[in-house]
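**Student:** Next comes the structure file my_file11.pdb, holding PDB, C-alpha atoms.
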ATOM      1  CA  MET A 357      43.944  37.861  -0.857  1.00  0.00           C
ATOM      2  CA  ASN A 358      43.627  40.266   2.019  1.00  0.00           C
ATOM      3  CA  LEU A 359      42.511  39.286   5.520  1.00  0.00           C
ATOM      4  CA  ASN A 360      39.633  41.735   5.414  1.00  0.00           C
ATOM      5  CA  ASP A 361      38.264  39.882   2.336  1.00  0.00           C
ATOM      6  CA  VAL A 362      37.698  36.677   4.322  1.00  0.00           C
ATOM      7  CA  ASN A 363      34.539  37.801   6.097  1.00  0.00           C
ATOM      8  CA  ARG A 364      33.291  40.213   3.442  1.00  0.00           C
ATOM      9  CA  GLY A 365      29.647  39.485   2.594  1.00  0.00           C
ATOM     10  CA  ILE A 366      29.041  37.297   5.657  1.00  0.00           C
ATOM     11  CA  VAL A 367      26.381  38.973   7.783  1.00  0.00           C
ATOM     12  CA  PRO A 368      25.318  37.196  10.995  1.00  0.00           C
ATOM     13  CA  HIS A 369      21.789  38.692  11.109  1.00  0.00           C
ATOM     14  CA  LYS A 370      20.826  39.252   7.490  1.00  0.00           C
ATOM     15  CA  ARG A 371      17.600  41.203   6.953  1.00  0.00           C
ATOM     16  CA  ARG A 372      15.004  39.476   4.862  1.00  0.00           C
ATOM     17  CA  LYS A 373      14.303  40.749   1.360  1.00  0.00           C
ATOM     18  CA  ARG A 374      11.114  42.844   1.377  1.00  0.00           C
ATOM     19  CA  VAL A 375       9.808  42.677  -2.144  1.00  0.00           C
ATOM     20  CA  GLY A 376       7.107  44.732  -3.816  1.00  0.00           C
ATOM     21  CA  ARG A 377       7.621  47.810  -1.644  1.00  0.00           C
ATOM     22  CA  GLY A 378       8.019  50.458  -4.319  1.00  0.00           C
ATOM     23  CA  LEU A 379      10.495  51.355  -7.023  1.00  0.00           C
ATOM     24  CA  GLY A 380      13.044  52.896  -4.644  1.00  0.00           C
ATOM     25  CA  SER A 381      13.467  49.663  -2.648  1.00  0.00           C
ATOM     26  CA  GLY A 382      15.385  47.905  -5.374  1.00  0.00           C
ATOM     27  CA  HIS A 383      12.781  45.096  -5.405  1.00  0.00           C
ATOM     28  CA  GLY A 384       9.751  47.049  -6.494  1.00  0.00           C
ATOM     29  CA  LYS A 385       7.477  46.993  -9.524  1.00  0.00           C
ATOM     30  CA  THR A 386       7.649  43.299 -10.541  1.00  0.00           C
ATOM     31  CA  ALA A 387       9.114  42.229  -7.156  1.00  0.00           C
ATOM     32  CA  GLY A 388      11.655  39.853  -8.712  1.00  0.00           C
ATOM     33  CA  ARG A 389       8.998  37.925 -10.660  1.00  0.00           C
ATOM     34  CA  GLY A 390       9.870  39.256 -14.110  1.00  0.00           C
ATOM     35  CA  HIS A 391       7.381  40.442 -16.717  1.00  0.00           C
ATOM     36  CA  LYS A 392       4.204  38.534 -17.633  1.00  0.00           C
ATOM     37  CA  GLY A 393       3.659  34.783 -17.653  1.00  0.00           C
ATOM     38  CA  ALA A 394       2.142  32.390 -15.133  1.00  0.00           C
ATOM     39  CA  ARG A 395       4.893  32.735 -12.545  1.00  0.00           C
ATOM     40  CA  SER A 396       4.424  36.472 -12.361  1.00  0.00           C
ATOM     41  CA  ARG A 397       0.761  36.132 -11.391  1.00  0.00           C
ATOM     42  CA  SER A 398      -0.604  35.523  -7.921  1.00  0.00           C
ATOM     43  CA  GLY A 399      -1.956  32.028  -7.291  1.00  0.00           C
ATOM     44  CA  TRP A 400       0.474  30.344  -9.678  1.00  0.00           C
ATOM     45  CA  ARG A 401       1.403  26.854  -8.675  1.00  0.00           C
ATOM     46  CA  ALA A 402       3.360  24.271 -10.636  1.00  0.00           C
ATOM     47  CA  LYS A 403       1.900  20.801 -10.996  1.00  0.00           C
ATOM     48  CA  SER A 404       4.027  18.067  -9.470  1.00  0.00           C
ATOM     49  CA  GLY A 405       6.564  16.922 -12.025  1.00  0.00           C
ATOM     50  CA  PHE A 406       6.424  20.218 -13.980  1.00  0.00           C
ATOM     51  CA  GLU A 407       9.890  21.153 -15.187  1.00  0.00           C
ATOM     52  CA  GLY A 408       9.298  24.577 -16.714  1.00  0.00           C
ATOM     53  CA  GLY A 409       8.139  23.301 -20.086  1.00  0.00           C
ATOM     54  CA  GLN A 410      11.005  20.819 -20.466  1.00  0.00           C
ATOM     55  CA  VAL A 411       9.848  17.238 -21.043  1.00  0.00           C
ATOM     56  CA  PRO A 412       9.363  15.928 -17.481  1.00  0.00           C
ATOM     57  CA  LEU A 413      11.446  13.057 -16.104  1.00  0.00           C
ATOM     58  CA  ILE A 414       8.426  10.738 -15.940  1.00  0.00           C
ATOM     59  CA  ARG A 415       8.010  11.134 -19.708  1.00  0.00           C
ATOM     60  CA  ARG A 416      11.735  10.821 -20.465  1.00  0.00           C
ATOM     61  CA  ILE A 417      12.324   7.456 -18.816  1.00  0.00           C
ATOM     62  CA  PRO A 418      11.269   4.257 -20.618  1.00  0.00           C
ATOM     63  CA  LYS A 419       8.201   2.438 -19.398  1.00  0.00           C
ATOM     64  CA  ARG A 420       8.338  -1.299 -19.896  1.00  0.00           C
ATOM     65  CA  GLY A 421       6.838  -4.433 -18.495  1.00  0.00           C
ATOM     66  CA  PHE A 422       3.543  -5.564 -17.089  1.00  0.00           C
ATOM     67  CA  ASN A 423       2.407  -6.504 -13.608  1.00  0.00           C
ATOM     68  CA  ASN A 424      -0.312  -9.110 -13.187  1.00  0.00           C
ATOM     69  CA  LYS A 425      -0.926  -8.387  -9.490  1.00  0.00           C
ATOM     70  CA  ARG A 426      -4.295  -6.701  -9.992  1.00  0.00           C
ATOM     71  CA  PHE A 427      -5.642  -9.852 -11.624  1.00  0.00           C
ATOM     72  CA  ALA A 428      -4.270 -12.227  -8.982  1.00  0.00           C
ATOM     73  CA  THR A 429      -6.577 -14.283  -6.779  1.00  0.00           C
ATOM     74  CA  GLN A 430      -7.011 -12.815  -3.293  1.00  0.00           C
ATOM     75  CA  ILE A 431      -6.314 -15.540  -0.752  1.00  0.00           C
ATOM     76  CA  ALA A 432      -7.211 -15.284   2.937  1.00  0.00           C
ATOM     77  CA  ILE A 433      -5.106 -17.445   5.230  1.00  0.00           C
ATOM     78  CA  VAL A 434      -5.857 -19.046   8.597  1.00  0.00           C
ATOM     79  CA  ASN A 435      -3.442 -21.131  10.636  1.00  0.00           C
ATOM     80  CA  VAL A 436      -4.281 -24.395  12.411  1.00  0.00           C
ATOM     81  CA  ALA A 437      -3.384 -22.709  15.734  1.00  0.00           C
ATOM     82  CA  VAL A 438      -6.322 -20.297  15.261  1.00  0.00           C
ATOM     83  CA  LEU A 439      -8.700 -23.222  14.695  1.00  0.00           C
ATOM     84  CA  GLU A 440      -7.408 -24.825  17.939  1.00  0.00           C
ATOM     85  CA  GLU A 441      -8.135 -21.629  19.913  1.00  0.00           C
ATOM     86  CA  GLU A 442     -11.473 -20.616  18.422  1.00  0.00           C
ATOM     87  CA  PHE A 443     -13.395 -23.828  17.835  1.00  0.00           C
ATOM     88  CA  ALA A 444     -14.761 -26.619  20.040  1.00  0.00           C
ATOM     89  CA  PRO A 445     -14.382 -30.319  19.166  1.00  0.00           C
ATOM     90  CA  GLY A 446     -16.846 -31.416  16.474  1.00  0.00           C
ATOM     91  CA  ASP A 447     -17.383 -27.890  15.047  1.00  0.00           C
ATOM     92  CA  VAL A 448     -17.698 -27.214  11.342  1.00  0.00           C
ATOM     93  CA  VAL A 449     -15.215 -24.653  10.014  1.00  0.00           C
ATOM     94  CA  SER A 450     -16.045 -22.826   6.764  1.00  0.00           C
ATOM     95  CA  PRO A 451     -15.322 -19.397   5.265  1.00  0.00           C
ATOM     96  CA  GLU A 452     -18.758 -18.164   6.352  1.00  0.00           C
ATOM     97  CA  VAL A 453     -18.242 -19.305   9.968  1.00  0.00           C
ATOM     98  CA  LEU A 454     -14.749 -17.782  10.102  1.00  0.00           C
ATOM     99  CA  ARG A 455     -16.079 -14.442   8.817  1.00  0.00           C
ATOM    100  CA  SER A 456     -19.021 -14.435  11.241  1.00  0.00           C
ATOM    101  CA  ARG A 457     -16.598 -14.957  14.143  1.00  0.00           C
ATOM    102  CA  GLY A 458     -14.421 -12.080  12.929  1.00  0.00           C
ATOM    103  CA  LEU A 459     -11.428 -14.251  12.018  1.00  0.00           C
ATOM    104  CA  LEU A 460     -11.563 -13.268   8.330  1.00  0.00           C
ATOM    105  CA  LYS A 461     -11.769  -9.646   7.318  1.00  0.00           C
ATOM    106  CA  GLY A 462     -11.525  -7.862   3.989  1.00  0.00           C
ATOM    107  CA  VAL A 463     -12.074  -9.129   0.481  1.00  0.00           C
ATOM    108  CA  PHE A 464     -10.903 -12.555  -0.615  1.00  0.00           C
ATOM    109  CA  GLN A 465     -11.768 -15.121  -3.242  1.00  0.00           C
ATOM    110  CA  GLU A 466     -10.269 -18.219  -1.673  1.00  0.00           C
ATOM    111  CA  LEU A 467      -9.436 -19.456   1.819  1.00  0.00           C
ATOM    112  CA  LYS A 468      -6.240 -21.356   2.570  1.00  0.00           C
ATOM    113  CA  ILE A 469      -5.529 -23.219   5.806  1.00  0.00           C
ATOM    114  CA  LEU A 470      -1.854 -23.263   6.831  1.00  0.00           C
ATOM    115  CA  GLY A 471      -0.169 -25.678   9.230  1.00  0.00           C
ATOM    116  CA  ASP A 472       1.358 -23.305  11.805  1.00  0.00           C
ATOM    117  CA  GLY A 473       0.535 -24.563  15.325  1.00  0.00           C
ATOM    118  CA  GLU A 474      -0.893 -27.766  16.736  1.00  0.00           C
ATOM    119  CA  LEU A 475      -4.413 -29.200  16.547  1.00  0.00           C
ATOM    120  CA  SER A 476      -5.887 -31.637  19.051  1.00  0.00           C
ATOM    121  CA  LYS A 477      -9.619 -31.212  18.260  1.00  0.00           C
ATOM    122  CA  THR A 478     -11.731 -33.089  15.746  1.00  0.00           C
ATOM    123  CA  LEU A 479     -12.953 -30.494  13.251  1.00  0.00           C
ATOM    124  CA  ARG A 480     -14.609 -30.595   9.826  1.00  0.00           C
ATOM    125  CA  VAL A 481     -12.677 -27.911   7.918  1.00  0.00           C
ATOM    126  CA  SER A 482     -13.901 -26.578   4.567  1.00  0.00           C
ATOM    127  CA  ALA A 483     -11.569 -24.392   2.516  1.00  0.00           C
ATOM    128  CA  HIS A 484     -10.372 -23.910  -1.041  1.00  0.00           C
ATOM    129  CA  ARG A 485      -6.738 -24.790  -0.309  1.00  0.00           C
ATOM    130  CA  PHE A 486      -4.788 -26.598   2.393  1.00  0.00           C
ATOM    131  CA  SER A 487      -1.066 -26.781   2.982  1.00  0.00           C
ATOM    132  CA  ARG A 488       0.311 -30.309   3.246  1.00  0.00           C
ATOM    133  CA  GLN A 489       1.089 -29.848   6.967  1.00  0.00           C
ATOM    134  CA  ALA A 490      -2.374 -28.442   7.714  1.00  0.00           C
ATOM    135  CA  LYS A 491      -4.067 -31.356   5.974  1.00  0.00           C
ATOM    136  CA  GLU A 492      -1.946 -33.872   7.895  1.00  0.00           C
ATOM    137  CA  LYS A 493      -2.592 -32.184  11.269  1.00  0.00           C
ATOM    138  CA  ILE A 494      -6.374 -31.996  10.751  1.00  0.00           C
ATOM    139  CA  GLU A 495      -6.605 -35.643   9.684  1.00  0.00           C
ATOM    140  CA  LYS A 496      -4.223 -36.762  12.462  1.00  0.00           C
ATOM    141  CA  ALA A 497      -6.524 -35.123  15.041  1.00  0.00           C
ATOM    142  CA  GLY A 498      -9.449 -37.144  13.604  1.00  0.00           C
ATOM    143  CA  GLY A 499     -10.921 -34.293  11.599  1.00  0.00           C
ATOM    144  CA  GLU A 500     -12.126 -34.067   8.028  1.00  0.00           C
ATOM    145  CA  VAL A 501     -10.747 -31.904   5.194  1.00  0.00           C
ATOM    146  CA  VAL A 502     -13.250 -30.633   2.606  1.00  0.00           C
ATOM    147  CA  VAL A 503     -11.853 -28.862  -0.470  1.00  0.00           C
ATOM    148  CA  LEU A 504     -14.289 -26.244  -1.756  1.00  0.00           C
ATOM    149  CA  PRO A 505     -14.555 -25.721  -5.523  1.00  0.00           C
ATOM    150  CA  GLY A 506     -14.112 -22.315  -7.181  1.00  0.00           C
ATOM    151  CA  PRO A 507     -13.965 -18.873  -5.593  1.00  0.00           C
ATOM    152  CA  SER A 508     -15.481 -18.236  -2.197  1.00  0.00           C
ATOM    153  CA  PRO A 509     -19.194 -17.410  -2.001  1.00  0.00           C
ATOM    154  CA  VAL A 510     -18.446 -15.139   0.967  1.00  0.00           C
ATOM    155  CA  GLU A 511     -17.328 -12.138  -1.053  1.00  0.00           C
ATOM    156  CA  LYS A 512     -16.454 -11.794  -4.702  1.00  0.00           C
ATOM    157  CA  ASN A 513     -13.457  -9.824  -5.939  1.00  0.00           C
ATOM    158  CA  VAL A 514     -14.030  -6.072  -5.825  1.00  0.00           C
ATOM    159  CA  LYS A 515     -11.983  -3.868  -8.155  1.00  0.00           C
ATOM    160  CA  GLY A 516      -9.141  -2.156  -6.276  1.00  0.00           C
ATOM    161  CA  SER A 517      -9.147  -4.590  -3.360  1.00  0.00           C
ATOM    162  CA  SER A 518      -5.968  -5.737  -1.680  1.00  0.00           C
ATOM    163  CA  LYS A 519      -4.693  -9.188  -0.865  1.00  0.00           C
ATOM    164  CA  THR A 520      -5.408 -10.260   2.719  1.00  0.00           C
ATOM    165  CA  GLN A 521      -2.645 -12.541   3.882  1.00  0.00           C
TER     166      GLN A 521
END
Any chance you could put this one into structure tokens?
**Tutor:**
Amino acid sequence: MNLNDVNRGIVPHKRRKRVGRGLGSGHGKTAGRGHKGARSRSGWRAKSGFEGGQVPLIRRIPKRGFNNKRFATQIAIVNVAVLEEEFAPGDVVSPEVLRSRGLLKGVFQELKILGDGELSKTLRVSAHRFSRQAKEKIEKAGGEVVVLPGPSPVEKNVKGSSKTQ
């Protein structure tokens, strides 16, 4: 190897290739696109996952299993601390009341009350599910727990909805 070979071909300010500027330019006529076919035409664009006619990766890998998430019950949750803040003693708490006050948003089929926080007010709480702690805290404060049957009348499941927890 010679010393003058080390930097051969390295150009600090390389000029860009100007294609399609006539036959004498060295990049004329087909402008490096070859003859015929989709890629030679203007406006050609490959679809995502296209691998030049080869079987794409998404079709080569095995697809197995099943996910039941889309059929799962959407459950809205509310903590006991929220009930303490938002309601006065003696109030009735239900999914409809919670939605009207803006505490429940989105689509859900059932309401669950969780026991995070403290409760000192006597409330009549209606929901589809209660955690053990929430039930104890509501009853300890002198309140009443009402378990609602079936899915919520507030809003039925809409296809493509997400779980609000």
**Student:** Using only C-alpha atoms, give me every residue within 8 Å of (-13.9, -29.6, 17.5) in file coordinates, as JSON, numbers by chain.
**Tutor:** {"A": [443, 444, 445, 446, 447, 448, 477, 478, 479, 480]}
**Student:** Give me the residues within 6 Å of Val503 in chain A as number ranges by chain, counting only C-alpha atoms and dropping any in the same chain fewer than 5 places off.
**Tutor:** A: 482-484
**Student:** Could you write out the selected residues, including C-alpha atoms, as a compact mmCIF listing (two decimals), in the frame of the given file?
**Tutor:**
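This is the output file again.txt:
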# COMPACT_ATOMS: atom_id res chain seq x y z
CA SER A 482 -13.90 -26.58 4.57
CA ALA A 483 -11.57 -24.39 2.52
CA HIS A 484 -10.37 -23.91 -1.04
**Student:** Work out where the centre of an axis-aligned box around every listed atom of range 412-419 of chain A lies and how long its edges are once 8 Å is added on each side; give both in Å to one decimal as AutoDock Vina command-line options.
**Tutor:**
--center_x 10.2 --center_y 9.2 --center_z -18.3 --size_x 20.3 --size_y 29.5 --size_z 20.7
**Student:** Report the residues retrieved by the PyMOL selection byres ((chain A and resi 460) around 12) from the displayed file, expressed as a ChimeraX atom specification.
**Tutor:** /A:431-435,438,450-459,461-469,510-511,520-521
**Student:** To one decimal place, how far is CA of Ser476 in chain A from CA of Arg488 in chain A in Å?
**Tutor:**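 Between these atoms lies a distance of 17.0 Å.
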**Student:** As an exercise, work out the distance from CA of Glu440 in chain A to CA of Leu475 in chain A in Å and give it to one decimal place.
**Tutor:**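 Rounded to one decimal, the two atoms are 5.5 Å apart.
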**Student:** Name all residues at most 8 Å from Asp472 in chain A (count all atoms listed in the file; drop same-chain ones fewer than 5 positions away) and give them as a VMD selection string.
**Tutor:** chain A and resid 435 to 437 490
**Student:** State, in Å with one decimal place, the distance from CA of Gly471 in chain A to CA of Ile494 in chain A.
**Tutor:**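 Taking CA of Gly471 in chain A and CA of Ile494 in chain A, their separation equals 9.0 Å.
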**Student:** As a count of residues only, please: the residues near Val481 in chain A (cut-off 8 Å, only C-alpha atoms, same-chain neighbours under 3 positions excluded).
**Tutor:** 7
**Student:** Kindly indicate which residue among A:Lys373, A:Gly408, A:Leu470, A:Gly388 lies nearest to Glu492 in chain A, using only C-alpha atoms for the distances.
**Tutor:**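 Answer, going by the shortest atom-to-atom distance: A:Leu470.
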**Student:** Tell me which residues the PyMOL selection byres ((chain A and resi 386) around 12) grabs here, as a ChimeraX atom specification.
**Tutor:** /A:375-379,381-385,387-393,395-398
